[in-house]
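Source file: structure.csv. Holds: CSV, C-alpha atoms and all ligand atoms.
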chain,number,residue,atom,x,y,z
A,165,MET,CA,77.8,-29.9,-84.0
A,166,GLU,CA,77.3,-33.3,-82.2
A,167,GLU,CA,73.8,-34.5,-81.2
A,168,LYS,CA,74.3,-34.0,-77.5
A,169,ASP,CA,75.8,-30.6,-78.1
A,170,PHE,CA,72.9,-29.7,-80.3
A,171,ALA,CA,70.4,-30.6,-77.6
A,172,ALA,CA,72.2,-28.2,-75.2
A,173,HIS,CA,72.3,-25.6,-77.9
A,174,LEU,CA,68.6,-25.8,-78.4
A,175,THR,CA,67.9,-25.6,-74.7
A,176,ALA,CA,70.1,-22.5,-74.4
A,177,THR,CA,68.1,-21.0,-77.4
A,178,MET,CA,64.8,-21.6,-75.6
A,179,THR,CA,66.3,-20.2,-72.4
A,180,GLY,CA,67.3,-17.0,-74.2
A,181,SER,CA,63.8,-16.7,-75.6
A,182,ALA,CA,62.1,-17.1,-72.2
A,183,LEU,CA,64.6,-14.7,-70.5
A,184,THR,CA,63.9,-12.1,-73.2
A,185,MET,CA,60.2,-12.2,-72.3
A,186,LEU,CA,61.0,-12.0,-68.5
A,187,ILE,CA,63.5,-9.2,-68.9
A,188,GLY,CA,60.8,-7.2,-70.9
A,189,LEU,CA,58.4,-8.0,-68.0
A,190,GLY,CA,61.0,-6.7,-65.6
A,191,HIS,CA,61.2,-3.4,-67.5
A,192,ARG,CA,57.4,-2.9,-67.7
A,193,THR,CA,56.8,-3.7,-64.0
A,194,GLY,CA,59.7,-1.6,-62.8
A,195,LEU,CA,61.5,-4.5,-61.3
A,196,LEU,CA,64.8,-3.8,-63.1
A,197,GLU,CA,64.8,-0.2,-61.9
A,198,ALA,CA,64.0,-1.2,-58.4
A,199,ALA,CA,66.7,-3.9,-58.3
A,200,ALA,CA,69.3,-1.5,-59.6
A,201,ARG,CA,68.9,0.5,-56.4
A,202,GLY,CA,70.8,-2.1,-54.4
A,203,PRO,CA,70.7,-5.7,-53.1
A,204,ALA,CA,67.4,-6.9,-51.6
A,205,THR,CA,65.5,-10.0,-50.6
A,206,SER,CA,62.6,-11.0,-52.7
A,207,ALA,CA,60.2,-9.5,-50.1
A,208,GLY,CA,62.3,-6.3,-50.0
A,209,LEU,CA,62.4,-6.0,-53.8
A,210,ALA,CA,58.6,-6.8,-54.1
A,211,GLU,CA,57.9,-4.0,-51.6
A,212,ARG,CA,60.3,-1.6,-53.3
A,213,ALA,CA,58.5,-2.2,-56.7
A,214,GLY,CA,55.0,-2.4,-55.2
A,215,LEU,CA,54.5,-6.0,-56.5
A,216,GLN,CA,53.5,-9.4,-55.3
A,217,GLU,CA,56.4,-11.3,-53.5
A,218,ARG,CA,55.5,-14.7,-54.9
A,219,TYR,CA,55.7,-13.5,-58.5
A,220,VAL,CA,58.9,-11.5,-57.8
A,221,ARG,CA,60.6,-14.5,-56.2
A,222,GLU,CA,60.0,-16.8,-59.2
A,223,TRP,CA,61.1,-14.0,-61.6
A,224,LEU,CA,64.3,-13.6,-59.5
A,225,GLY,CA,64.9,-17.4,-59.8
A,226,ALA,CA,65.0,-17.0,-63.6
A,227,MET,CA,67.2,-13.8,-63.4
A,228,VAL,CA,69.7,-15.5,-61.1
A,229,THR,CA,70.0,-18.8,-62.9
A,230,GLY,CA,69.9,-17.0,-66.3
A,231,GLY,CA,73.0,-15.0,-65.3
A,232,ILE,CA,71.3,-11.6,-65.1
A,233,PHE,CA,71.3,-11.2,-61.3
A,234,THR,CA,73.4,-12.8,-58.6
A,235,CYS,CA,72.2,-14.2,-55.3
A,236,ASN,CA,73.9,-14.6,-51.9
A,237,ALA,CA,72.2,-15.7,-48.6
A,238,GLY,CA,68.7,-14.8,-49.8
A,239,GLU,CA,69.8,-11.3,-51.1
A,240,TYR,CA,69.5,-10.6,-54.8
A,241,THR,CA,71.9,-8.3,-56.7
A,242,PHE,CA,71.6,-6.7,-60.1
A,243,PRO,CA,75.3,-5.9,-60.7
A,244,PRO,CA,75.9,-2.4,-62.0
A,245,GLY,CA,78.0,-3.9,-64.8
A,246,HIS,CA,74.9,-5.8,-65.9
A,247,ALA,CA,72.4,-3.0,-65.2
A,248,LYS,CA,74.1,-0.6,-67.6
A,249,PHE,CA,73.0,-2.9,-70.5
A,250,LEU,CA,69.3,-2.8,-69.5
A,251,LEU,CA,68.8,0.6,-68.0
A,252,GLY,CA,69.9,4.2,-68.6
A,253,ASP,CA,70.4,6.8,-71.3
A,254,THR,CA,73.4,5.3,-73.0
A,255,ALA,CA,74.2,3.4,-76.2
A,256,SER,CA,75.0,0.3,-74.1
A,257,ASN,CA,71.4,0.0,-73.1
A,258,LEU,CA,70.0,-2.9,-75.1
A,259,MET,CA,66.4,-2.6,-73.8
A,260,PRO,CA,65.0,-0.8,-76.8
A,261,SER,CA,66.1,-3.6,-79.1
A,262,LEU,CA,64.9,-6.3,-76.6
A,263,LEU,CA,61.5,-4.7,-76.4
A,264,THR,CA,61.3,-4.3,-80.2
A,265,LEU,CA,62.0,-8.0,-80.5
A,266,SER,CA,59.2,-8.9,-78.1
A,267,ALA,CA,56.9,-6.6,-80.0
A,268,PHE,CA,57.3,-8.7,-83.2
A,269,THR,CA,55.4,-11.5,-81.5
A,270,GLY,CA,52.2,-9.4,-82.2
A,271,ILE,CA,52.6,-9.7,-86.0
A,272,LEU,CA,53.6,-13.4,-86.1
A,273,PRO,CA,50.1,-14.6,-87.2
A,274,ASP,CA,50.2,-12.1,-90.2
A,275,LEU,CA,53.8,-13.2,-91.0
A,276,GLU,CA,52.8,-16.9,-90.9
A,277,ARG,CA,50.0,-16.1,-93.3
A,278,SER,CA,52.4,-14.4,-95.7
A,279,PHE,CA,54.6,-17.5,-95.7
A,280,ALA,CA,51.7,-19.4,-97.2
A,281,GLU,CA,50.0,-16.7,-99.3
A,282,GLY,CA,52.8,-14.3,-100.2
A,283,GLY,CA,52.7,-10.6,-99.7
A,284,GLY,CA,53.8,-9.2,-96.4
A,285,VAL,CA,53.0,-7.4,-93.2
A,286,PRO,CA,52.6,-3.7,-93.7
A,287,ARG,CA,54.6,-1.2,-91.5
A,288,SER,CA,51.3,0.1,-90.0
A,289,ALA,CA,50.6,-3.3,-88.4
A,290,TYR,CA,53.7,-2.9,-86.1
A,291,GLY,CA,52.6,0.4,-84.6
A,292,PRO,CA,50.3,-0.7,-81.8
A,293,TYR,CA,52.9,-3.3,-80.5
A,294,LEU,CA,55.9,-1.0,-80.7
A,295,GLU,CA,53.9,1.9,-79.1
A,296,THR,CA,52.5,-0.2,-76.3
A,297,LEU,CA,56.0,-1.2,-75.3
A,298,GLY,CA,57.3,2.3,-75.6
A,299,ALA,CA,60.1,1.0,-77.9
A,300,LYS,CA,61.1,2.9,-81.0
A,301,THR,CA,64.1,2.2,-83.1
A,302,GLY,CA,65.0,5.8,-82.7
A,303,ASP,CA,65.6,5.2,-78.9
A,304,SER,CA,68.6,3.0,-79.6
A,305,TRP,CA,70.1,5.2,-82.2
A,306,LYS,CA,69.6,8.4,-80.2
A,307,HIS,CA,72.2,7.2,-77.7
A,308,ILE,CA,74.4,5.8,-80.4
A,309,TYR,CA,74.6,9.2,-82.2
A,310,ARG,CA,75.2,11.1,-79.0
A,311,GLU,CA,78.2,8.9,-78.1
A,312,HIS,CA,79.6,7.9,-81.5
A,313,LEU,CA,78.3,10.1,-84.4
A,314,VAL,CA,81.0,12.8,-84.4
A,315,ASP,CA,84.2,10.9,-83.5
A,316,GLY,CA,83.2,7.3,-84.3
A,317,PHE,CA,81.2,7.6,-87.5
A,318,PHE,CA,82.2,10.9,-89.1
A,319,GLY,CA,85.7,10.7,-87.6
A,320,ALA,CA,86.3,7.4,-89.5
A,321,VAL,CA,86.4,9.4,-92.8
A,322,PRO,CA,89.6,11.4,-93.2
A,323,GLY,CA,88.8,15.1,-93.8
A,324,LEU,CA,85.0,14.8,-93.1
A,325,THR,CA,84.8,16.6,-89.7
A,326,GLU,CA,87.0,19.4,-91.1
A,327,LYS,CA,84.6,19.8,-94.1
A,328,LEU,CA,81.6,19.9,-91.7
A,329,THR,CA,83.4,22.4,-89.4
A,330,GLU,CA,84.0,24.7,-92.4
A,331,GLY,CA,80.4,24.4,-93.5
A,332,ALA,CA,78.6,22.0,-95.8
A,333,ARG,CA,75.2,21.3,-97.2
A,334,VAL,CA,74.0,18.1,-95.6
A,335,LEU,CA,71.0,15.9,-96.3
A,336,ASP,CA,70.0,13.0,-93.9
A,337,LEU,CA,67.8,10.7,-95.9
A,338,GLY,CA,65.4,8.5,-93.9
A,339,CYS,CA,66.1,10.8,-90.9
A,340,GLY,CA,63.4,9.3,-88.7
A,341,THR,CA,62.9,11.4,-85.6
A,342,GLY,CA,66.0,13.5,-86.4
A,343,ASN,CA,68.3,12.1,-83.8
A,344,ALA,CA,71.4,12.2,-86.0
A,345,ILE,CA,70.8,15.8,-87.1
A,346,ALA,CA,70.2,16.8,-83.4
A,347,VAL,CA,73.8,15.9,-82.7
A,348,ALA,CA,75.4,16.9,-86.0
A,349,ALA,CA,73.7,20.4,-86.2
A,350,ARG,CA,75.0,21.2,-82.7
A,351,ALA,CA,78.5,19.9,-83.4
A,352,PHE,CA,78.9,21.7,-86.8
A,353,PRO,CA,77.1,25.1,-86.5
A,354,ALA,CA,78.5,26.3,-89.9
A,355,SER,CA,76.9,23.4,-91.7
A,356,ARG,CA,73.2,23.3,-92.8
A,357,PHE,CA,71.3,20.1,-92.3
A,358,THR,CA,68.1,18.9,-94.0
A,359,GLY,CA,66.3,15.7,-92.8
A,360,VAL,CA,63.9,14.0,-95.1
A,361,ASP,CA,61.7,11.0,-94.3
A,362,ILE,CA,58.7,9.5,-96.0
A,363,ASN,CA,56.8,9.2,-92.7
A,364,PRO,CA,55.0,12.4,-91.7
A,365,GLY,CA,54.7,11.3,-88.1
A,366,VAL,CA,58.4,11.1,-87.5
A,367,VAL,CA,59.1,14.3,-89.4
A,368,ALA,CA,56.7,16.1,-87.1
A,369,GLN,CA,58.5,14.7,-84.1
A,370,ALA,CA,61.9,15.7,-85.6
A,371,GLU,CA,60.7,19.2,-86.2
A,372,ALA,CA,59.3,19.5,-82.6
A,373,THR,CA,62.5,18.2,-80.9
A,374,ASN,CA,64.9,20.2,-83.0
A,375,ALA,CA,62.9,23.5,-83.3
A,376,GLU,CA,65.6,25.6,-81.6
A,377,LEU,CA,68.3,24.5,-84.0
A,378,PRO,CA,68.9,27.4,-86.6
A,379,ASN,CA,70.8,25.2,-89.0
A,380,ALA,CA,68.4,22.2,-89.2
A,381,GLU,CA,65.2,21.7,-91.1
A,382,PHE,CA,63.0,18.7,-91.9
A,383,ALA,CA,60.7,17.7,-94.7
A,384,VAL,CA,58.4,14.8,-95.7
A,385,GLY,CA,59.7,13.3,-98.9
A,386,ASP,CA,60.3,10.1,-100.8
A,387,ALA,CA,64.0,9.2,-101.4
A,388,ALA,CA,63.0,7.6,-104.7
A,389,GLU,CA,62.0,11.0,-105.9
A,390,LEU,CA,64.9,13.0,-104.5
A,391,THR,CA,66.2,16.0,-106.4
A,392,ALA,CA,68.6,18.8,-105.2
A,393,ASP,CA,69.2,22.3,-106.4
A,394,PRO,CA,71.9,23.2,-105.4
A,395,PRO,CA,73.4,19.8,-104.8
A,396,TYR,CA,74.5,18.5,-101.4
A,397,ASP,CA,78.1,18.2,-100.2
A,398,LEU,CA,77.2,15.2,-98.0
A,399,ILE,CA,74.2,12.8,-98.0
A,400,THR,CA,73.9,10.5,-95.0
A,401,ALA,CA,71.6,7.4,-94.6
A,402,PHE,CA,71.7,5.7,-91.3
A,403,ASP,CA,70.1,2.3,-91.3
A,404,ALA,CA,67.7,3.5,-94.1
A,405,ILE,CA,68.8,2.0,-97.4
A,406,HIS,CA,68.2,-1.8,-97.0
A,407,ASP,CA,64.5,-1.2,-96.2
A,408,GLN,CA,63.9,0.9,-99.3
A,409,ASP,CA,61.2,-0.5,-101.6
A,410,ARG,CA,63.2,0.7,-104.7
A,411,PRO,CA,66.8,0.8,-103.4
A,412,ASP,CA,68.3,0.9,-106.9
A,413,VAL,CA,66.3,4.0,-107.8
A,414,VAL,CA,67.1,5.6,-104.4
A,415,LEU,CA,70.9,5.1,-104.8
A,416,ARG,CA,70.8,6.6,-108.3
A,417,ARG,CA,68.8,9.6,-107.0
A,418,ILE,CA,71.3,10.1,-104.2
A,419,ARG,CA,74.3,10.1,-106.6
A,420,GLY,CA,72.4,12.6,-108.7
A,421,ALA,CA,71.8,14.9,-105.8
A,422,LEU,CA,75.5,15.2,-104.8
A,423,ALA,CA,77.9,17.9,-105.7
A,424,PRO,CA,80.8,16.7,-108.0
A,425,ASP,CA,83.1,16.3,-104.9
A,426,GLY,CA,80.2,15.3,-102.7
A,427,LEU,CA,80.1,12.2,-100.4
A,428,PHE,CA,77.4,9.6,-99.8
A,429,PHE,CA,77.9,8.3,-96.2
A,430,MET,CA,75.8,5.1,-95.8
A,431,VAL,CA,75.7,3.3,-92.5
A,432,ASP,CA,74.2,-0.2,-92.9
A,433,THR,CA,74.5,-3.7,-91.5
A,434,ASN,CA,77.9,-5.4,-91.5
A,435,PHE,CA,77.4,-8.9,-92.8
A,436,SER,CA,78.2,-11.0,-95.8
A,437,SER,CA,75.6,-11.5,-98.6
A,438,HIS,CA,76.4,-15.2,-98.4
A,439,VAL,CA,74.9,-17.0,-95.5
A,440,GLU,CA,77.8,-19.5,-95.1
A,441,LYS,CA,80.2,-16.6,-94.5
A,442,ASN,CA,77.9,-15.4,-91.7
A,443,VAL,CA,78.1,-18.7,-89.8
A,444,GLY,CA,80.0,-18.1,-86.5
A,445,ASN,CA,79.1,-14.4,-86.5
A,446,PRO,CA,77.4,-14.0,-83.1
A,447,LEU,CA,75.0,-11.3,-84.3
A,448,ALA,CA,74.0,-13.0,-87.6
A,449,ALA,CA,71.1,-15.2,-86.4
A,450,LEU,CA,69.5,-12.3,-84.5
A,451,CYS,CA,69.8,-10.0,-87.5
A,452,TYR,CA,68.4,-12.6,-90.0
A,453,SER,CA,65.5,-13.0,-87.6
A,454,ILE,CA,64.8,-9.2,-87.3
A,455,SER,CA,65.2,-9.0,-91.1
A,456,LEU,CA,62.6,-11.6,-91.6
A,457,MET,CA,60.2,-10.3,-89.0
A,458,TYR,CA,60.4,-6.7,-90.1
A,459,CYS,CA,62.6,-5.6,-93.1
A,460,THR,CA,61.8,-8.4,-95.5
A,461,THR,CA,58.1,-8.7,-94.9
A,462,THR,CA,57.4,-4.9,-94.7
A,463,SER,CA,59.1,-4.5,-98.1
A,464,LEU,CA,57.2,-7.4,-99.6
A,465,ALA,CA,53.9,-5.9,-98.3
A,466,GLU,CA,54.6,-2.9,-100.6
A,467,GLY,CA,55.8,-5.1,-103.6
A,468,GLY,CA,59.3,-3.8,-102.8
A,469,ALA,CA,62.8,-5.3,-103.5
A,470,ALA,CA,62.9,-7.0,-100.0
A,471,LEU,CA,66.7,-6.7,-99.7
A,472,GLY,CA,66.4,-7.4,-96.0
A,473,ALA,CA,68.9,-6.3,-93.4
A,474,MET,CA,71.2,-9.1,-94.4
A,475,TRP,CA,71.7,-7.9,-98.0
A,476,GLY,CA,75.4,-7.8,-97.1
A,477,THR,CA,78.5,-5.9,-98.1
A,478,GLU,CA,78.9,-7.7,-101.5
A,479,LYS,CA,75.4,-6.9,-102.7
A,480,ALA,CA,75.6,-3.4,-101.3
A,481,SER,CA,78.9,-2.7,-103.0
A,482,GLU,CA,77.5,-4.1,-106.3
A,483,MET,CA,74.4,-1.9,-106.1
A,484,LEU,CA,76.5,1.2,-105.3
A,485,ALA,CA,78.6,0.5,-108.3
A,486,ASP,CA,75.5,0.0,-110.5
A,487,ALA,CA,74.2,3.4,-109.3
A,488,GLY,CA,77.3,4.9,-110.7
A,489,PHE,CA,79.5,5.6,-107.6
A,490,ARG,CA,83.0,5.5,-108.9
A,491,HIS,CA,84.8,4.8,-105.6
A,492,VAL,CA,83.4,3.1,-102.5
A,493,ASP,CA,85.3,2.4,-99.3
A,494,VAL,CA,83.8,0.1,-96.7
A,495,LEU,CA,84.9,1.1,-93.2
A,496,GLY,CA,84.4,-0.4,-89.8
A,497,SER,CA,82.1,1.5,-87.4
A,498,PRO,CA,81.9,1.9,-83.6
A,499,ARG,CA,79.3,-0.9,-83.7
A,500,PRO,CA,80.3,-4.4,-84.9
A,501,GLN,CA,76.9,-4.9,-86.6
A,502,ASN,CA,77.3,-1.8,-88.8
A,503,CYS,CA,79.8,-0.7,-91.4
A,504,ILE,CA,80.2,2.6,-93.2
A,505,TYR,CA,80.1,2.9,-97.0
A,506,VAL,CA,81.9,6.1,-98.1
A,507,CYS,CA,80.9,6.7,-101.7
A,508,ARG,CA,82.3,9.2,-104.1
A,509,ARG,CA,80.5,10.4,-107.1
B,1,LIG,C1,65.3,2.2,-89.6
B,1,LIG,S1,64.7,3.9,-89.7
B,1,LIG,C2,66.2,4.8,-89.4
B,1,LIG,C3,65.8,6.2,-89.0
B,1,LIG,C4,67.0,7.1,-88.7
B,1,LIG,N1,67.9,7.2,-89.8
B,1,LIG,C5,67.7,6.7,-87.4
B,1,LIG,O1,68.8,6.3,-87.5
B,1,LIG,O2,67.1,6.8,-86.3
B,1,LIG,C6,64.5,4.0,-91.5
B,1,LIG,C7,63.8,5.3,-91.9
B,1,LIG,O3,63.7,5.4,-93.3
B,1,LIG,C8,62.5,6.0,-93.7
B,1,LIG,N2,62.1,5.7,-95.1
B,1,LIG,C9,61.8,4.5,-95.6
B,1,LIG,N3,61.6,4.6,-96.9
B,1,LIG,C10,61.8,5.9,-97.2
B,1,LIG,C11,61.8,6.6,-98.5
B,1,LIG,N4,61.5,6.0,-99.6
B,1,LIG,N5,62.0,7.9,-98.4
B,1,LIG,C12,62.3,8.6,-97.3
B,1,LIG,N6,62.4,7.9,-96.1
B,1,LIG,C13,62.2,6.6,-96.1
B,1,LIG,C14,61.5,5.4,-92.7
B,1,LIG,O4,60.3,6.1,-92.6
B,1,LIG,C15,62.3,5.4,-91.4
B,1,LIG,O5,62.1,6.5,-90.6

Is it possible to express this structure as structure tokens?
Amino acid sequence: MEEKDFAAHLTATMTGSALTMLIGLGHRTGLLEAAARGPATSAGLAERAGLQERYVREWLGAMVTGGIFTCNAGEYTFPPGHAKFLLGDTASNLMPSLLTLSAFTGILPDLERSFAEGGGVPRSAYGPYLETLGAKTGDSWKHIYREHLVDGFFGAVPGLTEKLTEGARVLDLGCGTGNAIAVAARAFPASRFTGVDINPGVVAQAEATNAELPNAEFAVGDAAELTADPPYDLITAFDAIHDQDRPDVVLRRIRGALAPDGLFFMVDTNFSSHVEKNVGNPLAALCYSISLMYCTTTSLAEGGAALGAMWGTEKASEMLADAGFRHVDVLGSPRPQNCIYVCRR
């Protein structure tokens, strides 16, 4: 990149960071919701949202010049085609990710200390920031599962939806708040689903939200100590392997808990293990940043392997082979940042 282009690139980077903060502010103050109700002047929008016009006007200036809103003759518009990426109950809504990103600023002092002293930032340190903002990783995935789990993810593997329709024993490892099982247990009533997570808080939430499902159950457990009797036909892990403190142990346990013709279905990030191969991937810098600010440091805090979210397909394939999986297919997924590893015992 030439010097003059680099200066522009850096300015655009700072603009993105500032707009991220202001979009989060728009969410918390209700401005985005209010603006989505239709075009308005700054005074009209301030009144609609119950806010101070002078602040709203300056915020609108950033939204318009930042390409989020449009403006014509003093009226500001939040185009529906933009609003669907920041509002609403769909997988397109990027707000949970945006808020999670802003929440990381709370742990920056601890992270900076870890750069100098080693160790890491424990998962418990993130709680207050994520809760204050009302953002949970599960929020993003809830919509993704609803829209893509059955056809997009399971449908990518020939014969899998037929197997689930007939009835299978399924374990979802690192199930979080049980959003994947909530969709799968309804779609495949003849199958039995067990969700396991190490965090008792999310398991309690999963149990409460899925209480009416007769074919779903949840338990607190450590994947590194997984056993199964009888074994499972399918073990799924959505975004749950790269954060493991002992991923090699977990992968071996998973293989050992599968029936002879069982499948391990691992959804993880879709990047290369080699940084130079990720240059030009528009999602890579964001994912390295999240990996540093959460995945890597939380694992180091526990003395874990710190694979990070950017462990990449080469490293993942190598580890799956080391765990004994004899055949692994890496498939595309409905989301460009994720791929599916279909692993046979
Ligand atoms: C990024 S979240 C993904 C949650 C869920 N699969 C989803 O898609 O919403 C990773 C989950 O793995 C769980 N986890 C981490 N280490 C674990 C372990 N050793 N055993 C079981 N669960 C674990 C975490 O508590 C967390 O809920």

- [ ] Provide the atom CA of A:Ala237 to atom CA of A:Arg192 distance in Å, to one decimal place.
- [x]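 If I compute the distance from atom CA of A:Ala237 to atom CA of A:Arg192, I get 27.3 Å.
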
- [ ] Go through A:Leu209, A:Val321, A:Ala351, A:Ile405 and flag the residue nearest A:Cys339, using all atoms listed in the file for the distances.
- [x]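 Of A:Leu209, A:Val321, A:Ala351, A:Ile405, the one nearest A:Cys339, counting all atoms listed in the file, is A:Ile405.
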
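With a cut-off of 7 Å and using only C-alpha atoms and all ligand atoms, the polymer residues contacting ligand LIG 1 (chain B) are A:Thr301, A:Gly302, A:Trp305, A:Lys306, A:Leu337, A:Gly338, A:Cys339, A:Gly340, A:Thr341, A:Gly342, A:Asn343, A:Ala344, A:Val360, A:Asp361, A:Ile362, A:Asn363, A:Val366, A:Gly385, A:Asp386, A:Ala387, A:Ala388, A:Ala401, A:Phe402, A:Asp403, A:Ala404, A:Asp407, A:Gln408, A:Asp409.
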
Using C-alpha atoms, can you write the selected residues to a file as a PDB file, in the coordinates of the input?
ATOM      1  CA  THR A 301      64.100   2.200 -83.100  1.00  0.00           C
ATOM      2  CA  GLY A 302      65.000   5.800 -82.700  1.00  0.00           C
ATOM      3  CA  TRP A 305      70.100   5.200 -82.200  1.00  0.00           C
ATOM      4  CA  LYS A 306      69.600   8.400 -80.200  1.00  0.00           C
ATOM      5  CA  LEU A 337      67.800  10.700 -95.900  1.00  0.00           C
ATOM      6  CA  GLY A 338      65.400   8.500 -93.900  1.00  0.00           C
ATOM      7  CA  CYS A 339      66.100  10.800 -90.900  1.00  0.00           C
ATOM      8  CA  GLY A 340      63.400   9.300 -88.700  1.00  0.00           C
ATOM      9  CA  THR A 341      62.900  11.400 -85.600  1.00  0.00           C
ATOM     10  CA  GLY A 342      66.000  13.500 -86.400  1.00  0.00           C
ATOM     11  CA  ASN A 343      68.300  12.100 -83.800  1.00  0.00           C
ATOM     12  CA  ALA A 344      71.400  12.200 -86.000  1.00  0.00           C
ATOM     13  CA  VAL A 360      63.900  14.000 -95.100  1.00  0.00           C
ATOM     14  CA  ASP A 361      61.700  11.000 -94.300  1.00  0.00           C
ATOM     15  CA  ILE A 362      58.700   9.500 -96.000  1.00  0.00           C
ATOM     16  CA  ASN A 363      56.800   9.200 -92.700  1.00  0.00           C
ATOM     17  CA  VAL A 366      58.400  11.100 -87.500  1.00  0.00           C
ATOM     18  CA  GLY A 385      59.700  13.300 -98.900  1.00  0.00           C
ATOM     19  CA  ASP A 386      60.300  10.100-100.800  1.00  0.00           C
ATOM     20  CA  ALA A 387      64.000   9.200-101.400  1.00  0.00           C
ATOM     21  CA  ALA A 388      63.000   7.600-104.700  1.00  0.00           C
ATOM     22  CA  ALA A 401      71.600   7.400 -94.600  1.00  0.00           C
ATOM     23  CA  PHE A 402      71.700   5.700 -91.300  1.00  0.00           C
ATOM     24  CA  ASP A 403      70.100   2.300 -91.300  1.00  0.00           C
ATOM     25  CA  ALA A 404      67.700   3.500 -94.100  1.00  0.00           C
ATOM     26  CA  ASP A 407      64.500  -1.200 -96.200  1.00  0.00           C
ATOM     27  CA  GLN A 408      63.900   0.900 -99.300  1.00  0.00           C
ATOM     28  CA  ASP A 409      61.200  -0.500-101.600  1.00  0.00           C
TER      29      ASP A 409
END

Task: Exercise: residues within 7 Å of coordinate (70.4, 11.4, -105.7), counting all atoms listed in the file, as a ChimeraX atom specification - done: /A:390-391,414-422

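Closest approach to A:Ala199 from the set A:Pro243, A:Pro286, A:Gly252, A:Gly472 is made by A:Pro243, with distances taken over only C-alpha atoms.
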
Task: For atom CA of A:Val334 and atom CA of A:Arg499, the interatomic separation in Å (one decimal) - done: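 Computing the Euclidean distance for atom CA of A:Val334 and atom CA of A:Arg499 yields 23.0 Å.
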
- [ ] Quick one: everything within 9 Å of A:Cys459, counting only C-alpha atoms, minus sequence neighbours fewer than 5 positions away in the same chain. Send it as a VMD selection string.
- [x] chain A and resid 406 to 407 454 464 470 to 473

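Proximity to A:Asp274 at 12 Å, evaluated using only C-alpha atoms and with sequence-adjacent residues fewer than 6 positions away removed, yields Phe268, Ala280, Glu281, Gly282, Gly283, Gly284, Val285, Pro286, Arg287, Ala289, Tyr290, Met457, Tyr458, Thr461, Thr462 and Ala465 of chain A.
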
Open item on the list: Report, in Å with one decimal, the straight-line distance from atom CA of A:Glu222 to atom CA of A:Ala176.
Closed with: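 Going from atom CA of A:Glu222 over to atom CA of A:Ala176, I get 19.1 Å.
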
Open item on the list: Nearest residue to A:Gly319 out of A:Met483, A:Leu263, A:Val443, A:Leu495, using all atoms listed in the file?
Closed with: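 Once distances to A:Gly319 are computed over all atoms listed in the file, the minimum belongs to A:Leu495.
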
Contacts of stretch 229-232 of chain A at 10 Å (only C-alpha atoms; same-chain gap of 6+ positions) as a short mmCIF file (atom, residue, chain, number, x, y, z; two decimals) with C-alpha atoms, in the coordinates of the input:
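Saved result, out03.cif, follows:
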data_model
loop_
_atom_site.label_atom_id
_atom_site.label_comp_id
_atom_site.auth_asym_id
_atom_site.auth_seq_id
_atom_site.Cartn_x
_atom_site.Cartn_y
_atom_site.Cartn_z
CA ALA A 176 70.10 -22.50 -74.40
CA THR A 179 66.30 -20.20 -72.40
CA GLY A 180 67.30 -17.00 -74.20
CA ALA A 182 62.10 -17.10 -72.20
CA LEU A 183 64.60 -14.70 -70.50
CA ILE A 187 63.50 -9.20 -68.90
CA THR A 241 71.90 -8.30 -56.70
CA PHE A 242 71.60 -6.70 -60.10
CA PRO A 243 75.30 -5.90 -60.70
CA HIS A 246 74.90 -5.80 -65.90
CA ALA A 247 72.40 -3.00 -65.20
#

Open item on the list: Please determine, counting all atoms listed in the file, which residue among A:Arg218, A:Arg201, A:Arg277, A:His312 has the shortest atom-to-atom distance to A:Ala255.
Closed with: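 Ranking A:Arg218, A:Arg201, A:Arg277, A:His312 by distance to A:Ala255, first place goes to A:His312.
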
Task: Using all atoms listed in the file: which of A:Leu251, A:Val439, A:Leu186, A:Leu262 has the shortest distance to A:Gly225 - done: A:Leu186

Open item on the list: I need the residue nearest A:Ile271 from this list: A:Thr358, A:Leu456, A:Ile504, A:Asp432. Use only C-alpha atoms for the distance.
Closed with: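 That would be A:Leu456, the residue with the smallest distance to A:Ile271.
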
Excluding same-chain residues fewer than 6 positions from A:Tyr505, what lies within 6 Å of it counting all atoms listed in the file, as a PDB file with C-alpha atoms, in the coordinates of the input?
ATOM      1  CA  PHE A 429      77.900   8.300 -96.200  1.00  0.00           C
ATOM      2  CA  MET A 430      75.800   5.100 -95.800  1.00  0.00           C
ATOM      3  CA  ASP A 493      85.300   2.400 -99.300  1.00  0.00           C
ATOM      4  CA  VAL A 494      83.800   0.100 -96.700  1.00  0.00           C
TER       5      VAL A 494
END

- [ ] Find the spatial neighbours of A:Ala210, counting only C-alpha atoms, within a cut-off of 12 Å - ignore same-chain residues fewer than 5 positions away - and output them as number ranges by chain.
- [x] A: 190, 193-199, 204-205, 215-224, 240
